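First comes the structure, then the notes that go with it.
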Amino acid sequence: MKKILALGTLLLAFNSYSQSYLILNNGVTLTTDKAAFVYDFGNFILPYKVTLTGGQFFVEEGKLISTDEKGFLYPKNEKVPSKIKGKGNNYLISENGHLYTFDANGFFYKYDKEAATKKTVGYGGNFFTVKLNDKKPVVSLYTTNTKGNYFKIDVAGLNPADITVFGGRFFQTNQGDTYTVTKDGFVYPKPEVKTAAITKIGGNYFIDTNNSLYTISEEGFLYLPTLPATLKVPTITKLGTNYFIDQDGQLFGVDSNGAVFERAMTAHDLKEAKILSI
């Protein structure tokens, strides 16, 4: 059963365009947009009050706060269950199987009478796997989209039980095959791109054992992008939904097309990043 829950009070000012967030030790909360720019709009959230994070949402003192694609934060009246079974970039699942999804506009939806979400076993950014019968080795794949919907999807040649790496908008199987998941919830194999085993997982990017950094566009294309000259992949220490930070506190963003950019934040020491959106 799908329940539409209303938006809460607006927290951010106009002209912000974030789709993820970053909270520093001192409470300063930064946001990023789909073009991978980083903004400081004067938001302040104490890190110790944040008890759960996702790519598009977090929980502060038991209450949901979500983001939309234009950069607004929305507090919700809905109190999050104390026990969470799993979460992704735009969904979370309570221990009793209630599914909360988030759309691109900051609305969230609650599914509370769905058999599949009571039997989830694996969690990615905008997908999860389900094993309905514990006595049978059958695993199904479900994806979510930017409209707040979720659905079961069958992919030719894929056995969801073989998924071993659950990324943001991608996953890898025990055969080493890589698949991407689009913003609309469609899944595509990427046999033409040979990656090594994935070692570091972001929302729309990953790093493999060769220290190669791959990115995923919102349409599901997998790229080995051109990197900024200042980026040294082995020095990456902190990973967020669409950004990462190196050991010197330099932030790099990955936009919706899979391009990587260096973003200077001279006003803040990003080595003090405490809460990341993932």
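Residue numbers start at 1 in each chain; chains themselves are named A, B, ... in the order of the structure tokens; ligands are numbered from 1 in the order shown.
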Original post:
as a VMD selection string, which residues of range 34-169 of chain A does DSSP assign to strand (DSSP E)?
Top reply: chain A and resid 38 to 44 50 to 53 57 to 60 63 to 67 73 to 79 84 to 87 91 to 94 99 to 102 108 to 111 120 to 123 127 to 130 140 to 144 150 to 153 163 to 166
**OP:** Could you give me, as a list of chain:residue names, each residue of range 31-246 of chain A that DSSP assigns to helix (DSSP H, G or I) when run on this structure's backbone?
**Re:** A:Pro47, A:Tyr48, A:Lys49, A:Ala116, A:Thr117, A:Lys118, A:Pro160, A:Ala161, A:Asp162, A:Val233, A:Pro234, A:Thr235
Please, could you write that set of residues out with C-alpha atoms as a PDB file, in the first residue's frame?
ATOM      1  CA  PRO A  47      26.615  15.483  13.582  1.00  0.00           C
ATOM      2  CA  TYR A  48      25.793  13.619  16.787  1.00  0.00           C
ATOM      3  CA  LYS A  49      22.076  14.194  16.121  1.00  0.00           C
ATOM      4  CA  ALA A 116       8.572  -8.408  -1.047  1.00  0.00           C
ATOM      5  CA  THR A 117       9.975  -5.732   1.255  1.00  0.00           C
ATOM      6  CA  LYS A 118       9.631  -8.023   4.259  1.00  0.00           C
ATOM      7  CA  PRO A 160      20.386 -11.703  -8.724  1.00  0.00           C
ATOM      8  CA  ALA A 161      21.721 -14.266  -6.267  1.00  0.00           C
ATOM      9  CA  ASP A 162      25.119 -13.756  -7.927  1.00  0.00           C
ATOM     10  CA  VAL A 233      42.983   8.157  -6.942  1.00  0.00           C
ATOM     11  CA  PRO A 234      44.979   6.287  -4.239  1.00  0.00           C
ATOM     12  CA  THR A 235      44.669   9.346  -1.960  1.00  0.00           C
TER      13      THR A 235
END
Subject >> Shell around range 141-145 of chain A at 9 Å using only C-alpha atoms, local window under 4 positions removed, as a list in words >> reply: Asn90, Tyr91, Thr101, Phe102, Asp103, Ala104, Gly125, Asn126, Phe127, Phe128, Thr129, Val130, Asn149, Tyr150, Phe151, Lys152, Ile153, Asp154, Val155, Asn159, Pro160, Ala161, Val181, Thr182, Lys183, Asp184, Gly185, Phe186 and Val187 of chain A
Mind writing the picked residues with C-alpha atoms as a PDB file, in the first residue's frame?
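Saved the output as result.pdb:
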ATOM      1  CA  ASN A  90      16.531   6.981  -2.196  1.00  0.00           C
ATOM      2  CA  TYR A  91      14.891   4.410   0.039  1.00  0.00           C
ATOM      3  CA  THR A 101      11.043   5.813  -1.051  1.00  0.00           C
ATOM      4  CA  PHE A 102      12.005   9.359  -2.032  1.00  0.00           C
ATOM      5  CA  ASP A 103      11.256  11.026  -5.340  1.00  0.00           C
ATOM      6  CA  ALA A 104      13.204  13.761  -7.114  1.00  0.00           C
ATOM      7  CA  GLY A 125      21.658   2.709  -4.012  1.00  0.00           C
ATOM      8  CA  ASN A 126      18.451   2.463  -6.046  1.00  0.00           C
ATOM      9  CA  PHE A 127      17.929  -1.301  -5.991  1.00  0.00           C
ATOM     10  CA  PHE A 128      17.591  -4.183  -3.558  1.00  0.00           C
ATOM     11  CA  THR A 129      17.250  -7.970  -3.681  1.00  0.00           C
ATOM     12  CA  VAL A 130      14.539 -10.166  -2.205  1.00  0.00           C
ATOM     13  CA  ASN A 149       8.150   3.879  -7.396  1.00  0.00           C
ATOM     14  CA  TYR A 150       9.680   0.446  -7.011  1.00  0.00           C
ATOM     15  CA  PHE A 151       9.244  -2.648  -9.144  1.00  0.00           C
ATOM     16  CA  LYS A 152      10.614  -6.099  -9.797  1.00  0.00           C
ATOM     17  CA  ILE A 153      12.865  -6.336 -12.829  1.00  0.00           C
ATOM     18  CA  ASP A 154      14.182  -9.330 -14.757  1.00  0.00           C
ATOM     19  CA  VAL A 155      17.456  -8.985 -16.653  1.00  0.00           C
ATOM     20  CA  ASN A 159      20.835 -14.269 -11.522  1.00  0.00           C
ATOM     21  CA  PRO A 160      20.386 -11.703  -8.724  1.00  0.00           C
ATOM     22  CA  ALA A 161      21.721 -14.266  -6.267  1.00  0.00           C
ATOM     23  CA  VAL A 181      20.994   1.026 -12.856  1.00  0.00           C
ATOM     24  CA  THR A 182      19.457   4.141 -14.423  1.00  0.00           C
ATOM     25  CA  LYS A 183      17.524   6.898 -12.632  1.00  0.00           C
ATOM     26  CA  ASP A 184      14.362   5.258 -14.010  1.00  0.00           C
ATOM     27  CA  GLY A 185      15.258   1.888 -12.493  1.00  0.00           C
ATOM     28  CA  PHE A 186      16.337   0.050 -15.640  1.00  0.00           C
ATOM     29  CA  VAL A 187      19.326  -2.298 -15.448  1.00  0.00           C
TER      30      VAL A 187
END
Per-residue nearest contacts range 216-258 of chain A to range 168-174 of chain A, cut-off 9 Å, using only C-alpha atoms, as JSON lines:
{"residue": "A:Ile216", "atom": "CA", "partner": "A:Arg169", "partner_atom": "CA", "distance": 7.1}
{"residue": "A:Ser217", "atom": "CA", "partner": "A:Arg169", "partner_atom": "CA", "distance": 8.8}
{"residue": "A:Glu218", "atom": "CA", "partner": "A:Arg169", "partner_atom": "CA", "distance": 8.2}
{"residue": "A:Gly220", "atom": "CA", "partner": "A:Arg169", "partner_atom": "CA", "distance": 7.8}
{"residue": "A:Thr241", "atom": "CA", "partner": "A:Gly168", "partner_atom": "CA", "distance": 7.6}
Keeping only N, CA, C and O atoms, write those residues as a compact mmCIF listing (two decimals), in the first residue's frame.
# COMPACT_ATOMS: atom_id res chain seq x y z
N ILE A 216 29.19 6.58 -13.42
CA ILE A 216 27.94 6.14 -14.03
C ILE A 216 27.04 7.34 -14.23
O ILE A 216 26.79 8.09 -13.27
N SER A 217 26.55 7.56 -15.44
CA SER A 217 25.62 8.65 -15.69
C SER A 217 24.23 8.24 -15.22
O SER A 217 23.96 7.06 -14.98
N GLU A 218 23.32 9.21 -15.11
CA GLU A 218 21.97 8.88 -14.66
C GLU A 218 21.21 8.05 -15.69
O GLU A 218 20.18 7.45 -15.37
N GLY A 220 22.67 5.49 -17.10
CA GLY A 220 23.24 4.15 -17.00
C GLY A 220 24.49 3.89 -17.80
O GLY A 220 24.94 2.74 -17.88
N THR A 241 27.83 10.40 -2.06
CA THR A 241 26.96 9.98 -3.14
C THR A 241 27.50 10.39 -4.50
O THR A 241 27.64 9.56 -5.40
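Around Leu30 in chain A, within 9 Å and counting only C-alpha atoms, the residues found are Ser18, Ser20, Tyr21, Leu22, Ile23, Leu24, Val38, Tyr39, Asp40, Phe41, Gly42, Asn43 and Phe44 of chain A, once anything fewer than 5 positions away on its own chain is removed.
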Dump as a short mmCIF file (atom, residue, chain, number, x, y, z; two decimals), in the first residue's frame, selection limited to N, CA and C atoms:
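File produced: result_6.cif:
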data_model
loop_
_atom_site.label_atom_id
_atom_site.label_comp_id
_atom_site.auth_asym_id
_atom_site.auth_seq_id
_atom_site.Cartn_x
_atom_site.Cartn_y
_atom_site.Cartn_z
N SER A 18 21.01 21.40 -4.70
CA SER A 18 21.76 20.24 -4.23
C SER A 18 21.00 18.94 -4.43
N SER A 20 22.72 16.14 -2.78
CA SER A 20 23.31 15.38 -1.67
C SER A 20 23.86 16.38 -0.66
N TYR A 21 24.52 15.88 0.37
CA TYR A 21 24.92 16.75 1.46
C TYR A 21 26.21 16.25 2.10
N LEU A 22 26.78 17.10 2.94
CA LEU A 22 28.03 16.79 3.64
C LEU A 22 28.02 17.60 4.92
N ILE A 23 28.18 16.95 6.07
CA ILE A 23 28.13 17.62 7.36
C ILE A 23 29.51 17.56 8.01
N LEU A 24 30.05 18.72 8.39
CA LEU A 24 31.36 18.79 9.01
C LEU A 24 31.25 18.60 10.52
N VAL A 38 29.38 22.63 -5.23
CA VAL A 38 29.21 22.51 -3.78
C VAL A 38 28.81 23.87 -3.22
N TYR A 39 27.83 23.88 -2.29
CA TYR A 39 27.29 25.13 -1.77
C TYR A 39 27.27 25.14 -0.25
N ASP A 40 27.47 26.33 0.31
CA ASP A 40 27.29 26.56 1.74
C ASP A 40 26.18 27.59 1.89
N PHE A 41 24.99 27.15 2.28
CA PHE A 41 23.84 28.03 2.43
C PHE A 41 23.54 28.33 3.90
N GLY A 42 24.53 28.14 4.74
CA GLY A 42 24.36 28.49 6.14
C GLY A 42 23.57 27.48 6.96
N ASN A 43 23.47 26.26 6.48
CA ASN A 43 22.76 25.23 7.24
C ASN A 43 23.67 24.67 8.33
N PHE A 44 23.07 24.36 9.47
CA PHE A 44 23.84 23.87 10.62
C PHE A 44 23.11 22.70 11.24
#
Original post:
Which polymer residues have any atom within 9 Å of an atom of Asp255 in chain A, counting only C-alpha atoms, with same-chain residues fewer than 2 positions away left out, as a PyMOL selection string?
Top reply: chain A and resi 33-37+204+217+242-243+253+257-261
Subject >> Near-Leu99 in chain A list (10 Å; only C-alpha atoms; drop same-chain fewer than 4 positions) as an MDAnalysis selection string >> reply: chainID A and resid 1:2 85:87 91:95 109:114 116:118 150
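Among the candidate residues A:Ile201, A:Ala115, A:Ile245, A:Val138, the one lying nearest to Met265 in chain A is A:Ile245, with distances computed using only C-alpha atoms.
Residue nearest Pro189 in chain A within the list A:Gly54, A:Gly167, A:Gly202, A:Gly157: A:Gly157 [criterion: smallest interatomic distance, only C-alpha atoms].
Pairwise distance (CA of Tyr188 in chain A, CA of Phe166 in chain A) equals 14.7 Å.
Candidate residues A:Leu227, A:Leu222, A:Leu132, A:Ala197 were compared for distance to Thr164 in chain A, and the nearest is A:Ala197, using only C-alpha atoms.
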Original post:
In terms of the shortest atom-to-atom distance over only C-alpha atoms, which of A:Glu262, A:Thr230, A:Leu73, A:Gly240 is closest to Lys274 in chain A?
Top reply: A:Gly240
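In this comparison, which uses only C-alpha atoms, the residue of A:Lys238, A:Tyr179, A:Gln19, A:Thr195 approaching Thr209 in chain A most closely is A:Thr195.
Take CA of Leu213 in chain A and CA of Leu158 in chain A: the distance between them is 24.3 Å.
Residues lying within 9 Å of Lys190 in chain A, counting only C-alpha atoms and ignoring same-chain neighbours fewer than 4 positions away, are Asp177, Thr178, Tyr179, Thr180, Lys194, Phe221 and Leu222 of chain A.
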